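Undergrad: There's a structure below that I have some questions on.
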Number of protein chains: 2
Amino acid sequence: MSHSMQKQEQPNPLEQLSDALDEDMRYTNAVIIDRMQSPVELIPQLATYLIAAGGKRIRPLLTLAATQIYGGDMQSSHKLAASVEFIHTATLLHDDVVDESLERRGKEAANLVFGNQASVLVGDFLFSRAFELMTECDNIQVLKILSNAAAIITQGEVLQLTAAGKIDTSMEQYIEIITSKTAALFAAACEVGPVLAGADESQAKSMYEYGLYLGIAFQIADDALDYNSDRETLGKVIGDDFREGKITAPILLALDKADDSEKEFWTRTLVKREQNDADLKTAQTILNKHDSIQGSLTLAQDYAAKAQQALDNIPQSPLRALLHELVPYTIFRKA
Amino acid sequence: MSHSMQKQEQPNPLEQLSDALDEDMRYTNAVIIDRMQSPVELIPQLATYLIAAGGKRIRPLLTLAATQIYGGDMQSSHKLAASVEFIHTATLLHDDVVDESLERRGKEAANLVFGNQASVLVGDFLFSRAFELMTECDNIQVLKILSNAAAIITQGEVLQLTAAGKIDTSMEQYIEIITSKTAALFAAACEVGPVLAGADESQAKSMYEYGLYLGIAFQIADDALDYNSDRETLGKVIGDDFREGKITAPILLALDKADDSEKEFWTRTLVKREQNDADLKTAQTILNKHDSIQGSLTLAQDYAAKAQQALDNIPQSPLRALLHELVPYTIFRKA
């Protein structure tokens, strides 16, 4: 998502947060660029391809904000923020191999350009570099939080893989999957701020909860957006989850209300994965008929409210206000 | 390699080391089994498939020996030894995806049984668990050593990928690749012992060097074994490197002495990767003609000598004697 494409009269909350942390984000980007270097040329080539393509940088921004709120050491925070972004990028690379993705961040997916082999190995490289960066902060507690999050993410990814095409997945199981694969890293990205700053445990817990619920809301909204044709006007690919047979919130809500012919449709397209060109449109029609996109966003709002509640325990500051505004933005964003 | 298949009148040095560290190895195996558990069933299934298949466990044995020599905390050492084995297993899983392997440890490769997707993700899980385990030792220096080794390994893997099929690879580049992809973890596995025990820097350096040179010798011998038909009698697959176009020590030595028709043969089979069923036999005939297997083992012995030299600086003990004997064994083993 480029800054200019989002340009409205007023910067959105994510842009406001970026602006507020502009200098720290520039240091963080410098760490990212520096640490993706390697004498093995293919590594910076592939990493640059992916990282230079942008992305929202929401996770490192959370780490920087959560550190600054508690007056923690910002130099360590830049490293942790870079580390969090590396973990995220590594999982994207491996996800795209696993999902056989065609596109990522508006560009042809790295696995298609550089091959699956390179994507697997460069993912491993970024993952290792993430851990190297963390160790430089000399804080064992932070290392425990982030290495635990990494293990949870991979469990979530495996869970998602085994749940694909299973239309008897429950809403609880879906929430468990997205909590692991997405929200755990959001939560860790936030929690390391107060921990690095030596803030008390209740503060760390509140920042963790903010990140966790924000991450769940973010992912539900993301899964709804994957069926939202408004997004096509922004040049985004839609329907990836549908093609991969992923059982996400809008599907679960539509399955709840499905008649026999709709059940047949979902079974053919998601379980048997027999899909033709017209099926995505049909899927969207069924989702709209049952208000499943809107229903998903309503579900996301429940988690959004919990995220904002968690902030009540955090000391008031302009950054806290921005984190508060960031919550609805992650749900009602268009891309 | 099963214990019984290797049975000779007298246990080999690796078996002797296993026997000497029997109790610690049992604790380490318990940690390995415990930490590969996950509520996501596919994870222990796949991990058990691979880890239960055995393997030599040489890396965790090095960590245990290197800790015990310096009187370090063995409970932490069991975790580090498990961590080292997890890193190794994760790289095996990803390697097999990258190399499209058919077999591993005498069983059908995990990527064929469980799919590439699961192999990538479970590799990531083991990698994350490795870091989680390390953090439990509360020793930042150890974390730095192992996370740095992990980054070097992945760089070596990428380097190997980009060097495949390039017959202008130099012997120096080959040594650089195997130093990164194999020896770095051997070195780290050894170095963490004295560091955990708080031994002085020169001891850590010597154990590091022992592991490094042992790892280089081990990998050269491994690459020679891949063309050794004696190994087929042990039920091992040979010729994997040949099929993947890997430029290893025996190939480099044979290329040095190749006449025009041999150069043509190597170009067709390794660069263009056009291979027929008779080609592996032809490759072996050419390697034998130029004594390239023997030449590789001689090269391995140079590094073996350096590994043994590094031990001179280590306090004398029965374990040091076993580490000394382990060196020639890694070169002249049959599988």
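Ordering of the structure tokens sets the chain letters (A, B, ...), residue numbers begin anew at 1 in every chain, and ligands are numbered from 1 in the order given.
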Within 7 Å of chain B, which residues of chain A show up when using only C-alpha atoms, listed as a ChimeraX atom specification?
TA: /A:40,98,117-118,121,124-125,128-129,131-132,135,138,140,143-144,147-148,150-151,154-155,157-159
Undergrad: Write out as a PyMOL selection string which residues come within 9 Å of region 77-83 of chain B when counting only C-alpha atoms, dropping same-chain ones fewer than 3 positions away.
TA: chain B and resi 24-25+27-32+35+59-64+67-68+72-74+86-88+126-127+129-134+136-137+142+189+192-193+196
Undergrad: Which parts of region 239-294 of chain A does DSSP call alpha helix (DSSP H) when run on the backbone here, written out as an MDAnalysis selection string?
TA: chainID A and resid 240:243 249:256 260:266 279:289 292:294
Undergrad: Extract, using only C-alpha atoms, all DNA, RNA and protein residues at most 9 Å from region 258-273 of chain A, discarding same-chain residues fewer than 2 positions from it, and format them as a list in words.
TA: Ala164, Gly165, Lys166, Ile167, Phe242, Arg243, Glu244, Gly245, Lys246, Ile247, Ile251, Leu253, Ala254, Leu255, Asp256, Gln275, Asn276, Asp279, Thr282, Ala283, Ile286 and His290 of chain A
Undergrad: For CA of Arg57 (chain B) and CA of Thr330 (chain B), determine how far apart the two atoms are, in Å to one decimal place.
TA: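 That distance, rounded to one decimal, is 12.6 Å.
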